[in-house]
file target-v4.cif (mmCIF, C-alpha atoms)
data_query
#
loop_
_atom_site.label_atom_id
_atom_site.label_comp_id
_atom_site.auth_asym_id
_atom_site.auth_seq_id
_atom_site.Cartn_x
_atom_site.Cartn_y
_atom_site.Cartn_z
CA MET A 1 139.71 104.44 92.54
CA LEU A 2 143.05 102.77 92.88
CA THR A 3 146.41 104.09 91.72
CA ASN A 4 149.53 102.12 90.82
CA ALA A 5 151.20 103.46 93.97
CA THR A 6 148.28 102.26 96.09
CA VAL A 7 148.34 98.75 94.63
CA LEU A 8 152.13 98.57 94.91
CA GLY A 9 151.96 99.56 98.58
CA LEU A 10 149.39 96.93 99.63
CA LYS A 11 150.92 94.72 102.31
CA ALA A 12 150.20 91.08 103.14
CA ARG A 13 148.17 90.33 106.25
CA ARG A 14 147.49 87.16 108.18
CA GLU A 15 144.14 86.80 106.39
CA PRO A 16 143.41 87.57 102.70
CA TYR A 17 141.57 90.83 102.00
CA LYS A 18 140.05 92.84 99.14
CA VAL A 19 140.66 96.44 97.97
CA SER A 20 138.08 97.76 95.51
CA ASP A 21 138.80 99.81 92.39
CA GLY A 22 135.17 100.25 91.32
CA GLY A 23 132.74 98.61 88.93
CA GLY A 24 133.22 95.25 90.66
CA LEU A 25 136.99 95.22 90.08
CA TYR A 26 139.17 94.62 93.13
CA VAL A 27 142.60 93.43 94.22
CA PHE A 28 142.64 90.22 96.25
CA VAL A 29 145.73 90.35 98.51
CA GLN A 30 146.85 86.93 99.79
CA PRO A 31 148.86 86.17 102.96
CA THR A 32 151.80 85.27 100.69
CA GLY A 33 151.80 88.84 99.31
CA SER A 34 150.35 87.91 95.91
CA LYS A 35 147.97 90.55 94.49
CA LEU A 36 145.34 88.99 92.24
CA TRP A 37 142.83 90.86 90.08
CA ARG A 38 139.20 89.83 90.50
CA LEU A 39 135.93 91.09 89.02
CA ALA A 40 132.60 90.49 90.74
CA TYR A 41 129.60 90.56 88.40
CA ARG A 42 126.12 89.10 87.94
CA PHE A 43 124.86 87.17 84.93
CA GLN A 44 121.32 85.81 84.65
CA GLY A 45 120.77 86.61 88.30
CA LYS A 46 123.80 84.65 89.56
CA GLN A 47 126.84 86.12 91.29
CA ARG A 48 130.10 85.25 89.53
CA THR A 49 133.79 86.13 89.74
CA ALA A 50 136.30 86.57 86.94
CA SER A 51 140.09 86.36 87.42
CA PHE A 52 142.50 88.51 85.43
CA GLY A 53 145.89 87.38 86.78
CA ALA A 54 148.30 88.97 89.25
CA TYR A 55 149.76 92.43 89.68
CA PRO A 56 152.22 93.64 88.36
CA THR A 57 152.12 91.10 85.50
CA VAL A 58 148.65 92.45 84.79
CA SER A 59 148.80 96.21 85.34
CA LEU A 60 146.05 98.38 86.79
CA ALA A 61 145.26 99.69 83.33
CA GLY A 62 145.17 96.14 81.93
CA ALA A 63 142.80 94.99 84.66
CA ARG A 64 140.48 97.91 83.94
CA THR A 65 140.52 97.08 80.24
CA ASN A 66 139.54 93.49 81.05
CA ARG A 67 136.77 94.76 83.32
CA ASP A 68 135.40 96.99 80.57
CA GLU A 69 135.43 94.09 78.10
CA ILE A 70 133.43 91.95 80.54
CA LYS A 71 130.98 94.80 81.11
CA ALA A 72 130.52 95.16 77.33
CA LEU A 73 129.69 91.46 77.03
CA LEU A 74 127.18 91.72 79.87
CA LYS A 75 125.52 94.72 78.22
CA ALA A 76 125.17 92.69 75.02
CA GLY A 77 123.56 89.86 76.98
CA GLN A 78 126.45 87.46 76.41
CA ASP A 79 127.95 85.10 78.98
CA PRO A 80 131.38 86.56 79.80
CA ALA A 81 132.62 83.38 81.54
CA THR A 82 134.31 82.06 78.39
CA ALA A 83 136.00 85.39 77.70
CA ALA A 84 137.06 85.69 81.33
CA ARG A 85 138.70 82.26 81.20
CA MET A 86 140.59 83.19 78.07
CA ILE A 87 141.80 86.46 79.62
CA SER A 88 142.85 84.58 82.75
CA LYS A 89 144.80 81.93 80.85
CA THR A 90 146.70 84.34 78.66
CA ALA A 91 147.67 86.36 81.76
CA ARG A 92 149.02 83.33 83.63
CA THR A 93 152.78 83.41 83.98
CA PHE A 94 154.88 80.81 85.72
CA ARG A 95 155.12 83.19 88.68
CA THR A 96 151.36 83.59 89.10
CA VAL A 97 150.67 79.88 88.71
CA ALA A 98 153.47 79.05 91.16
CA ALA A 99 151.95 81.46 93.70
CA GLU A 100 148.55 79.82 93.28
CA TRP A 101 150.05 76.32 93.58
CA GLU A 102 151.97 77.35 96.69
CA GLN A 103 148.82 78.74 98.30
CA LYS A 104 146.41 75.95 97.35
CA LYS A 105 148.73 72.98 97.76
CA VAL A 106 151.75 73.69 99.95
CA ILE A 107 150.15 76.07 102.46
CA ALA A 108 146.58 74.74 102.36
CA GLU A 109 147.79 71.18 103.03
CA GLY A 110 149.37 72.31 106.29
CA ARG A 111 153.03 71.79 105.42
CA SER A 112 155.55 72.86 108.03
CA ALA A 113 157.06 76.35 108.11
CA SER A 114 160.44 74.93 107.06
CA THR A 115 158.86 73.18 104.06
CA ILE A 116 157.07 76.38 103.00
CA PHE A 117 160.31 78.34 103.35
CA ARG A 118 162.25 75.77 101.30
CA THR A 119 159.54 75.73 98.62
CA ARG A 120 159.56 79.52 98.33
CA TRP A 121 163.38 79.45 98.07
CA LEU A 122 163.20 76.99 95.17
CA LEU A 123 160.44 78.96 93.45
CA ASN A 124 162.47 82.15 93.70
CA MET A 125 165.32 80.50 91.80
CA LEU A 126 162.96 79.25 89.09
CA GLU A 127 161.15 82.59 88.82
CA ALA A 128 164.45 84.42 88.29
CA GLY A 129 164.64 82.67 84.91
CA ILE A 130 161.09 81.92 83.76
CA GLY A 131 158.88 83.74 86.27
CA ASP A 132 157.45 86.28 83.83
CA ARG A 133 157.03 83.87 80.92
CA PRO A 134 153.46 82.72 80.08
CA ILE A 135 153.33 79.24 81.54
CA ALA A 136 151.67 77.81 78.42
CA GLU A 137 154.61 78.95 76.26
CA ILE A 138 157.54 77.61 78.31
CA GLU A 139 159.51 74.94 76.46
CA PRO A 140 161.96 72.34 77.88
CA PRO A 141 165.11 74.16 76.61
CA GLU A 142 164.09 77.30 78.54
CA LEU A 143 163.73 75.42 81.79
CA LEU A 144 166.91 73.43 81.10
CA GLU A 145 168.86 76.67 80.69
CA VAL A 146 167.72 77.82 84.14
CA LEU A 147 168.70 74.51 85.72
CA ARG A 148 172.05 74.32 83.92
CA LYS A 149 173.17 77.60 85.51
CA ILE A 150 172.72 76.04 88.95
CA GLU A 151 174.08 72.66 87.93
CA VAL A 152 177.42 74.28 87.01
CA GLY A 153 177.99 74.94 90.71
CA GLY A 154 177.74 71.23 91.46
CA LEU A 155 174.41 71.57 93.28
CA HIS A 156 172.97 68.42 91.76
CA GLU A 157 170.53 67.69 94.58
CA THR A 158 169.22 71.27 94.43
CA VAL A 159 168.76 70.95 90.67
CA ALA A 160 166.79 67.73 91.16
CA ARG A 161 164.52 69.47 93.65
CA LEU A 162 164.11 72.44 91.32
CA ARG A 163 163.02 70.19 88.47
CA ALA A 164 160.58 68.36 90.75
CA THR A 165 159.15 71.65 92.06
CA ALA A 166 158.77 73.03 88.54
CA SER A 167 157.04 69.82 87.51
CA SER A 168 154.57 70.21 90.39
CA VAL A 169 153.73 73.75 89.23
CA PHE A 170 153.28 72.68 85.62
CA ARG A 171 151.07 69.72 86.59
CA PHE A 172 148.97 72.08 88.71
CA GLY A 173 148.78 74.36 85.68
CA ILE A 174 147.61 71.49 83.48
CA ALA A 175 144.89 70.53 85.96
CA SER A 176 143.79 74.17 86.20
CA GLY A 177 143.69 74.66 82.42
CA TYR A 178 146.60 77.14 82.32
CA CYS A 179 148.89 75.00 80.17
CA LYS A 180 148.81 71.70 78.30
CA ARG A 181 152.12 70.01 79.09
CA ASP A 182 154.86 69.65 81.68
CA PRO A 183 158.24 70.56 80.13
CA ALA A 184 160.02 69.54 83.34
CA ALA A 185 159.04 65.92 82.66
CA ASP A 186 160.98 66.05 79.38
CA LEU A 187 164.20 66.85 81.26
CA ARG A 188 164.47 63.46 82.95
CA GLY A 189 167.91 62.13 82.05
CA ALA A 190 169.12 65.48 80.72
CA LEU A 191 170.67 66.57 84.03
CA THR A 192 173.62 65.21 85.97
CA THR A 193 172.55 62.93 88.78
CA GLY A 194 174.33 63.64 92.03
CA THR A 195 175.46 60.87 94.34
CA SER A 196 173.69 60.98 97.69
CA THR A 197 175.51 60.03 100.86
CA PRO A 198 173.48 57.52 102.87
CA HIS A 199 173.33 57.71 106.63
CA PRO A 200 176.13 55.53 108.07
CA ALA A 201 174.49 52.40 109.45
CA ILE A 202 175.54 49.01 110.74
CA THR A 203 173.68 46.21 108.95
CA GLU A 204 175.86 43.13 109.57
CA PRO A 205 174.21 40.92 112.24
CA LYS A 206 177.29 40.34 114.39
CA GLN A 207 178.11 44.06 114.45
CA ILE A 208 174.48 44.85 115.29
CA GLY A 209 174.80 42.61 118.31
CA GLU A 210 177.94 44.47 119.35
CA LEU A 211 176.09 47.77 118.95
CA MET A 212 173.21 46.63 121.14
CA ARG A 213 175.68 45.47 123.80
CA ALA A 214 177.43 48.83 123.68
CA ILE A 215 174.13 50.64 124.16
CA GLU A 216 173.67 48.84 127.48
CA GLY A 217 176.70 50.74 128.74
CA ALA A 218 175.37 54.19 127.84
CA ARG A 219 174.86 56.67 130.66
CA PRO A 220 172.80 58.29 132.09
CA ASP A 221 169.87 55.87 132.16
CA ARG A 222 167.52 58.07 130.16
CA ILE A 223 170.06 58.22 127.32
CA ARG A 224 170.54 54.46 127.39
CA LEU A 225 166.76 54.04 127.24
CA ALA A 226 166.49 56.56 124.40
CA LEU A 227 168.98 54.60 122.30
CA LYS A 228 167.20 51.32 123.04
CA LEU A 229 163.79 52.76 122.17
CA LEU A 230 165.16 54.26 118.96
CA ALA A 231 166.51 50.86 117.95
CA LEU A 232 163.22 49.11 118.83
CA THR A 233 160.86 51.56 117.10
CA CYS A 234 162.94 52.66 114.07
CA VAL A 235 161.46 56.16 114.10
CA ARG A 236 163.42 59.22 113.07
CA PRO A 237 165.57 60.70 115.87
CA GLY A 238 163.56 63.93 115.96
CA GLU A 239 160.32 61.97 116.33
CA LEU A 240 161.75 60.12 119.32
CA ILE A 241 163.14 63.20 121.04
CA GLY A 242 159.79 64.98 120.70
CA ALA A 243 157.80 62.00 122.06
CA GLU A 244 155.19 62.95 124.67
CA TRP A 245 153.74 60.71 127.33
CA SER A 246 150.24 61.56 126.09
CA GLU A 247 151.05 59.81 122.79
CA ILE A 248 151.64 56.43 124.46
CA SER A 249 148.62 54.22 125.07
CA SER A 250 148.65 50.49 125.74
CA ALA A 251 151.03 48.95 123.17
CA VAL A 252 150.74 51.76 120.61
CA TRP A 253 152.58 55.02 120.10
CA ASP A 254 150.51 57.52 118.08
CA ILE A 255 152.71 60.25 116.61
CA PRO A 256 150.67 63.27 115.46
CA ALA A 257 151.01 64.60 111.93
CA HIS A 258 152.72 67.86 112.89
CA ARG A 259 155.73 65.94 114.27
CA MET A 260 156.15 63.68 111.25
CA LYS A 261 158.40 64.48 108.29
CA MET A 262 155.62 63.80 105.79
CA ARG A 263 152.98 65.60 107.89
CA LEU A 264 150.85 62.46 108.20
CA PRO A 265 149.99 60.78 111.52
CA HIS A 266 151.93 57.60 112.23
CA ARG A 267 151.24 54.62 114.50
CA VAL A 268 154.08 52.61 115.99
CA PRO A 269 153.34 49.16 117.47
CA LEU A 270 155.32 48.69 120.68
CA SER A 271 156.92 45.31 121.27
CA ARG A 272 157.20 43.91 124.78
CA GLN A 273 160.83 45.05 124.81
CA ALA A 274 159.83 48.59 123.83
CA LEU A 275 157.14 48.59 126.52
CA ALA A 276 159.73 47.44 129.06
CA VAL A 277 161.93 50.40 128.12
CA ILE A 278 158.99 52.77 128.54
CA GLU A 279 158.11 51.33 131.95
CA GLU A 280 161.73 51.67 133.07
CA LEU A 281 161.66 55.29 131.90
CA ARG A 282 158.33 56.15 133.53
CA PRO A 283 159.68 56.68 137.09
CA ILE A 284 162.34 59.00 135.65
CA THR A 285 160.29 61.33 133.43
CA GLY A 286 156.72 60.05 133.69
CA ASN A 287 155.56 63.14 135.56
CA LEU A 288 156.79 65.44 132.76
CA LYS A 289 155.46 66.21 129.28
CA TYR A 290 158.25 64.58 127.29
CA LEU A 291 159.72 61.12 127.55
CA PHE A 292 163.15 62.66 127.01
CA PRO A 293 163.09 66.22 128.35
CA SER A 294 165.95 68.67 128.29
CA SER A 295 168.16 68.58 131.37
CA ARG A 296 168.15 72.38 131.42
CA ASP A 297 164.43 72.95 130.84
CA PRO A 298 162.12 70.02 131.69
CA ASP A 299 159.31 71.66 129.71
CA GLN A 300 161.30 71.27 126.49
CA PRO A 301 162.52 68.12 124.70
CA ALA A 302 166.19 67.20 124.80
CA PRO A 303 168.41 68.56 121.98
CA LYS A 304 168.20 66.48 118.81
CA ASN A 305 171.96 65.95 118.76
CA ARG A 306 171.97 64.33 122.22
CA ILE A 307 171.39 60.85 120.82
CA GLY A 308 174.23 61.28 118.34
CA ARG A 309 176.59 62.30 121.15
CA ALA A 310 175.48 59.27 123.14
CA LEU A 311 176.45 56.95 120.28
CA VAL A 312 179.87 58.59 120.12
CA ASP A 313 180.22 58.12 123.89
CA VAL A 314 179.76 54.35 123.53
CA GLY A 315 182.28 54.14 120.69
CA TYR A 316 180.24 54.74 117.53
CA SER A 317 181.42 57.80 115.64
CA GLY A 318 179.45 59.42 112.85
CA ASP A 319 181.26 57.47 110.14
CA ARG A 320 180.19 54.12 111.64
CA HIS A 321 176.60 54.50 112.79
CA VAL A 322 174.32 57.49 113.35
CA PRO A 323 170.90 57.71 115.05
CA HIS A 324 169.10 57.73 111.70
CA GLY A 325 171.04 54.59 110.80
CA PHE A 326 168.78 52.46 113.02
CA ARG A 327 166.15 52.79 110.27
CA SER A 328 168.55 51.35 107.69
CA THR A 329 169.47 48.58 110.10
CA PHE A 330 165.81 47.65 110.52
CA SER A 331 165.07 47.86 106.79
CA THR A 332 168.04 45.67 105.88
CA LEU A 333 167.34 42.95 108.44
CA ALA A 334 163.60 42.90 107.80
CA ASN A 335 163.95 42.76 104.01
CA GLU A 336 166.73 40.17 104.05
CA SER A 337 164.74 37.90 106.37
CA GLY A 338 162.17 37.29 103.64
CA LYS A 339 159.46 37.04 106.30
CA TRP A 340 157.75 40.38 105.71
CA SER A 341 156.16 42.21 102.81
CA PRO A 342 158.02 45.28 101.54
CA ASP A 343 154.80 47.28 101.99
CA ALA A 344 154.68 46.52 105.72
CA ILE A 345 158.32 47.50 106.13
CA GLU A 346 157.87 50.78 104.24
CA LEU A 347 154.70 51.60 106.17
CA GLN A 348 156.51 51.01 109.44
CA LEU A 349 159.21 53.43 108.32
CA ALA A 350 156.46 56.00 107.55
CA HIS A 351 157.50 56.29 103.93
CA VAL A 352 154.71 57.93 101.93
CA GLU A 353 152.67 55.67 99.67
CA SER A 354 151.81 56.67 96.14
CA ASN A 355 148.20 56.97 97.27
CA ARG A 356 148.71 59.73 99.81
CA VAL A 357 145.01 60.16 100.48
CA ARG A 358 144.50 56.53 101.47
CA ARG A 359 147.57 56.73 103.69
CA ALA A 360 146.33 59.92 105.36
CA TYR A 361 143.00 58.44 106.39
CA ASN A 362 144.06 54.94 107.27
CA ARG A 363 146.83 54.58 109.82
CA ASN A 364 146.01 50.88 110.30
CA VAL A 365 147.17 49.64 106.89
CA ARG A 366 148.70 46.17 107.38
CA TRP A 367 148.53 46.81 111.12
CA GLU A 368 148.55 43.18 112.27
CA GLU A 369 151.55 42.40 110.10
CA ARG A 370 153.37 45.46 111.40
CA VAL A 371 152.70 44.41 115.02
CA ALA A 372 154.17 40.99 114.27
CA LEU A 373 157.06 42.57 112.36
CA MET A 374 158.13 44.77 115.27
CA ALA A 375 157.79 41.90 117.75
CA TRP A 376 160.00 39.74 115.52
CA TYR A 377 162.54 42.52 115.13
CA ALA A 378 162.82 43.14 118.87
CA ASP A 379 163.31 39.41 119.48
CA TYR A 380 165.94 39.29 116.74
CA LEU A 381 167.89 42.15 118.31
CA ASP A 382 167.81 40.30 121.62
CA GLU A 383 169.07 37.17 119.88
CA LEU A 384 171.94 39.01 118.23
CA LYS A 385 172.88 40.62 121.53
CA GLN A 386 172.83 37.26 123.35
CA VAL A 387 174.84 35.52 120.64
CA LEU A 388 177.53 38.14 121.00
CA SER A 389 177.45 37.77 124.77
CA LYS A 390 178.01 34.03 124.52
CA THR A 391 180.63 34.43 121.82
CA GLY A 392 182.51 36.96 123.91
CA LEU A 393 182.46 34.67 126.94
CA ARG A 394 183.62 31.74 124.85
CA GLU A 395 186.59 33.75 123.58
CA VAL A 396 187.53 34.67 127.15
CA VAL A 397 187.35 31.02 128.25
CA TRP A 398 189.45 29.67 125.42
CA ALA A 399 191.99 32.46 125.84
CA PHE A 400 192.34 31.47 129.48
CA LEU A 401 192.67 27.80 128.64
CA ALA A 402 195.26 28.55 126.00
CA THR A 403 197.49 30.24 128.55
CA SER A 404 197.00 27.62 131.25
CA GLU A 405 199.71 25.05 131.81
CA ARG A 406 197.26 22.29 132.57
CA TRP A 407 193.52 21.77 132.08
CA GLU A 408 193.25 20.82 135.73
CA HIS A 409 194.74 24.15 136.72
CA ALA A 410 192.29 25.92 134.44
CA CYS A 411 189.32 24.08 135.90
CA GLU A 412 190.25 25.25 139.39
CA HIS A 413 189.71 28.84 138.29
CA LEU A 414 186.49 28.40 136.32
CA GLU A 415 182.92 27.92 137.44
CA PRO A 416 181.49 24.59 136.23
CA GLN A 417 178.64 26.22 134.23
CA ILE A 418 181.08 28.18 132.10
CA PHE A 419 181.71 25.09 129.98
CA LEU A 420 178.10 25.22 128.84
CA VAL A 421 178.97 28.15 126.62
CA ALA A 422 182.49 27.06 125.74
#
call {"tool": "encode", "arguments": {"input": "target-v4.cif", "output": "structure tokens"}}
result
Amino acid sequence: MLTNATVLGLKARREPYKVSDGGGLYVFVQPTGSKLWRLAYRFQGKQRTASFGAYPTVSLAGARTNRDEIKALLKAGQDPATAARMISKTARTFRTVAAEWEQKKVIAEGRSASTIFRTRWLLNMLEAGIGDRPIAEIEPPELLEVLRKIEVGGLHETVARLRATASSVFRFGIASGYCKRDPAADLRGALTTGTSTPHPAITEPKQIGELMRAIEGARPDRIRLALKLLALTCVRPGELIGAEWSEISSAVWDIPAHRMKMRLPHRVPLSRQALAVIEELRPITGNLKYLFPSSRDPDQPAPKNRIGRALVDVGYSGDRHVPHGFRSTFSTLANESGKWSPDAIELQLAHVESNRVRRAYNRNVRWEERVALMAWYADYLDELKQVLSKTGLREVVWAFLATSERWEHACEHLEPQIFLVA
């Protein structure tokens, strides 16, 4: 027989486990620390399980009362499943439903440790206001009051994430039969929208050409090659820094799900220019695990901020262009060209589709178009870089001619082919 002190002292383990109270009643302790009441029973020869909610929302005495009610129904020959569902629903608070959603969706779907931590942080803020309220009884003004308290501090982005997280819990509750509506959906437009600061990025063609020329002067070679590959693949900086040689095959770079922001595998078609960068890099780090290893520990990838420092070294401070800005550069040029479908561009940027399942199981969506897209983009970057090179040379030539006393004198100091670009 359990006591309140015993149940209170149960600790989470790596795997879920059961602690029996007797008569089929037990506590199901989850790795998250949630303690859920369960009752194992048999009806018409079949093994079944009833759920009574979580401790301490449902006390030990309350769980035993529920157990006795189920036993009474069984003794009378009645199916207790309907009664068990009713008991379960009335015992469901926002906190218990949130814990179940977190376990079955966030954790079970293999989200990263940082995502799980951030989700739990958001849930804690919501539960401080509505955690112990029956989820079926929560109305929009109650949730709005919780969000307003945080909004006062100017944390508009946090408030937006809180509303989205609450909405996910309510929608899970609707699907599970715990509630009938999502009050968070009614708050759209009721909260102040914060202004997000986009990543600084260069999107004007001439300036892009200047940027690509500047990258050629980056040192050491592996950093120069990292910047070039980032520009040619448009991946996130962290995905590039963590790149492993085992992920590169032929003209494709397969990034595994655990290294992607959205936790879905991603395929990157490699243009001939990107392949040339990789082949130039191979003699430098090809015998190591990572394409861009740390200079201090070759078994670890380089620090994520190394690419940002490299951009500063070649004259691009954080208010002009940042490593993540290469993605905006690509998106702007590709969309403005009118040559490519928005879907292909978004897929290449690994932005999640509305149909997450289809995206998860098909990494080859619009693959041929994406191969052509990246080949076009690499050629376009080369073109912009060459145009700048010629323009720069032309300016030098005309500046020289402008200061020369006579054309004949100027011609004596210039190679004949220079007039081809002047």
call {"tool": "residues_around", "arguments": {"input": "target-v4.cif", "residues": "Leu211 (chain A)", "least_positions_apart": "6", "cutoff": "12 Å", "atoms": "all atoms listed in the file", "output": "PyMOL selection string"}}
result
chain A and resi 201-205+217-218+227-228+231+311-312+314-317+320-323+325-326+329+381-382+384-386+388-389
call {"tool": "atom_distance", "arguments": {"input": "target-v4.cif", "atom1": "CA of Met262 (chain A)", "atom2": "CA of Ala12 (chain A)"}}
result
27.9 Å
call {"tool": "atom_distance", "arguments": {"input": "target-v4.cif", "atom1": "CA of Pro31 (chain A)", "atom2": "CA of Thr96 (chain A)"}}
result
14.3 Å
call {"tool": "resolve_selection", "arguments": {"input": "target-v4.cif", "expression": "the PyMOL selection byres ((chain A and resi 120) around 12)", "output": "PyMOL selection string"}}
result
chain A and resi 32+95+98-99+101-103+106-107+113-119+121-127+162+165-166
call {"tool": "residues_around", "arguments": {"input": "target-v4.cif", "residues": "Glu139 (chain A)", "least_positions_apart": "3", "cutoff": "7 Å", "atoms": "only C-alpha atoms", "output": "PyMOL selection string"}}
result
chain A and resi 142-143+183
call {"tool": "atom_distance", "arguments": {"input": "target-v4.cif", "atom1": "CA of Trp253 (chain A)", "atom2": "CA of Leu232 (chain A)"}}
result
12.2 Å
call {"tool": "decode", "arguments": {"input": "target-v4.cif", "residues": "region 29-102 of chain A", "atoms": "C-alpha atoms", "output": "PDB file, in the first residue's frame"}}
result
ATOM      1  CA  VAL A  29       6.313   7.395 -13.257  1.00  0.00           C
ATOM      2  CA  GLN A  30       7.585   8.928 -16.526  1.00  0.00           C
ATOM      3  CA  PRO A  31      11.150  10.054 -17.340  1.00  0.00           C
ATOM      4  CA  THR A  32       9.871  13.653 -17.206  1.00  0.00           C
ATOM      5  CA  GLY A  33       8.894  13.153 -13.548  1.00  0.00           C
ATOM      6  CA  SER A  34       5.131  13.032 -14.195  1.00  0.00           C
ATOM      7  CA  LYS A  35       3.263  10.581 -11.936  1.00  0.00           C
ATOM      8  CA  LEU A  36       0.158   9.210 -13.627  1.00  0.00           C
ATOM      9  CA  TRP A  37      -2.517   7.045 -12.017  1.00  0.00           C
ATOM     10  CA  ARG A  38      -3.373   3.832 -13.853  1.00  0.00           C
ATOM     11  CA  LEU A  39      -5.712   0.924 -13.099  1.00  0.00           C
ATOM     12  CA  ALA A  40      -5.215  -2.491 -14.670  1.00  0.00           C
ATOM     13  CA  TYR A  41      -8.375  -4.601 -14.859  1.00  0.00           C
ATOM     14  CA  ARG A  42     -10.054  -7.301 -16.935  1.00  0.00           C
ATOM     15  CA  PHE A  43     -13.474  -7.105 -18.576  1.00  0.00           C
ATOM     16  CA  GLN A  44     -14.995  -9.945 -20.594  1.00  0.00           C
ATOM     17  CA  GLY A  45     -11.651 -11.713 -20.538  1.00  0.00           C
ATOM     18  CA  LYS A  46      -9.671  -8.779 -21.986  1.00  0.00           C
ATOM     19  CA  GLN A  47      -6.930  -6.857 -20.201  1.00  0.00           C
ATOM     20  CA  ARG A  48      -7.617  -3.120 -20.051  1.00  0.00           C
ATOM     21  CA  THR A  49      -6.161   0.003 -18.452  1.00  0.00           C
ATOM     22  CA  ALA A  50      -7.954   3.026 -17.034  1.00  0.00           C
ATOM     23  CA  SER A  51      -6.298   6.433 -16.498  1.00  0.00           C
ATOM     24  CA  PHE A  52      -7.210   8.685 -13.593  1.00  0.00           C
ATOM     25  CA  GLY A  53      -4.956  11.708 -14.170  1.00  0.00           C
ATOM     26  CA  ALA A  54      -1.713  12.810 -12.530  1.00  0.00           C
ATOM     27  CA  TYR A  55      -0.533  13.155  -8.955  1.00  0.00           C
ATOM     28  CA  PRO A  56      -0.875  15.492  -7.047  1.00  0.00           C
ATOM     29  CA  THR A  57      -3.831  16.881  -9.054  1.00  0.00           C
ATOM     30  CA  VAL A  58      -5.494  13.545  -8.372  1.00  0.00           C
ATOM     31  CA  SER A  59      -4.600  12.565  -4.812  1.00  0.00           C
ATOM     32  CA  LEU A  60      -3.920   9.059  -3.549  1.00  0.00           C
ATOM     33  CA  ALA A  61      -7.329   9.000  -1.895  1.00  0.00           C
ATOM     34  CA  GLY A  62      -8.984  10.229  -5.103  1.00  0.00           C
ATOM     35  CA  ALA A  63      -7.272   7.538  -7.161  1.00  0.00           C
ATOM     36  CA  ARG A  64      -8.439   4.865  -4.733  1.00  0.00           C
ATOM     37  CA  THR A  65     -11.993   6.191  -4.919  1.00  0.00           C
ATOM     38  CA  ASN A  66     -11.856   5.965  -8.710  1.00  0.00           C
ATOM     39  CA  ARG A  67     -10.493   2.424  -8.451  1.00  0.00           C
ATOM     40  CA  ASP A  68     -13.328   1.389  -6.151  1.00  0.00           C
ATOM     41  CA  GLU A  69     -15.907   2.872  -8.538  1.00  0.00           C
ATOM     42  CA  ILE A  70     -14.433   0.861 -11.420  1.00  0.00           C
ATOM     43  CA  LYS A  71     -14.439  -2.288  -9.292  1.00  0.00           C
ATOM     44  CA  ALA A  72     -18.113  -1.708  -8.431  1.00  0.00           C
ATOM     45  CA  LEU A  73     -18.990  -1.441 -12.122  1.00  0.00           C
ATOM     46  CA  LEU A  74     -17.101  -4.649 -12.872  1.00  0.00           C
ATOM     47  CA  LYS A  75     -18.917  -6.457 -10.072  1.00  0.00           C
ATOM     48  CA  ALA A  76     -22.224  -5.337 -11.573  1.00  0.00           C
ATOM     49  CA  GLY A  77     -21.148  -6.673 -14.964  1.00  0.00           C
ATOM     50  CA  GLN A  78     -20.964  -3.230 -16.568  1.00  0.00           C
ATOM     51  CA  ASP A  79     -18.266  -1.997 -18.936  1.00  0.00           C
ATOM     52  CA  PRO A  80     -16.263   0.560 -16.937  1.00  0.00           C
ATOM     53  CA  ALA A  81     -14.509   2.008 -20.010  1.00  0.00           C
ATOM     54  CA  THR A  82     -17.047   4.818 -20.410  1.00  0.00           C
ATOM     55  CA  ALA A  83     -16.863   5.723 -16.730  1.00  0.00           C
ATOM     56  CA  ALA A  84     -13.080   5.577 -16.803  1.00  0.00           C
ATOM     57  CA  ARG A  85     -12.973   7.995 -19.735  1.00  0.00           C
ATOM     58  CA  MET A  86     -15.241  10.411 -17.925  1.00  0.00           C
ATOM     59  CA  ILE A  87     -13.102  10.247 -14.768  1.00  0.00           C
ATOM     60  CA  SER A  88      -9.974  10.784 -16.863  1.00  0.00           C
ATOM     61  CA  LYS A  89     -11.371  13.806 -18.693  1.00  0.00           C
ATOM     62  CA  THR A  90     -12.621  15.585 -15.605  1.00  0.00           C
ATOM     63  CA  ALA A  91      -9.205  15.065 -13.954  1.00  0.00           C
ATOM     64  CA  ARG A  92      -7.274  16.536 -16.894  1.00  0.00           C
ATOM     65  CA  THR A  93      -5.732  19.885 -16.067  1.00  0.00           C
ATOM     66  CA  PHE A  94      -3.648  21.981 -18.405  1.00  0.00           C
ATOM     67  CA  ARG A  95      -0.566  20.740 -16.546  1.00  0.00           C
ATOM     68  CA  THR A  96      -1.342  17.043 -17.031  1.00  0.00           C
ATOM     69  CA  VAL A  97      -2.261  17.463 -20.690  1.00  0.00           C
ATOM     70  CA  ALA A  98       0.872  19.542 -21.290  1.00  0.00           C
ATOM     71  CA  ALA A  99       2.996  16.790 -19.705  1.00  0.00           C
ATOM     72  CA  GLU A 100       1.368  14.191 -21.948  1.00  0.00           C
ATOM     73  CA  TRP A 101       1.816  16.381 -25.049  1.00  0.00           C
ATOM     74  CA  GLU A 102       5.455  16.982 -24.146  1.00  0.00           C
TER      75      GLU A 102
END
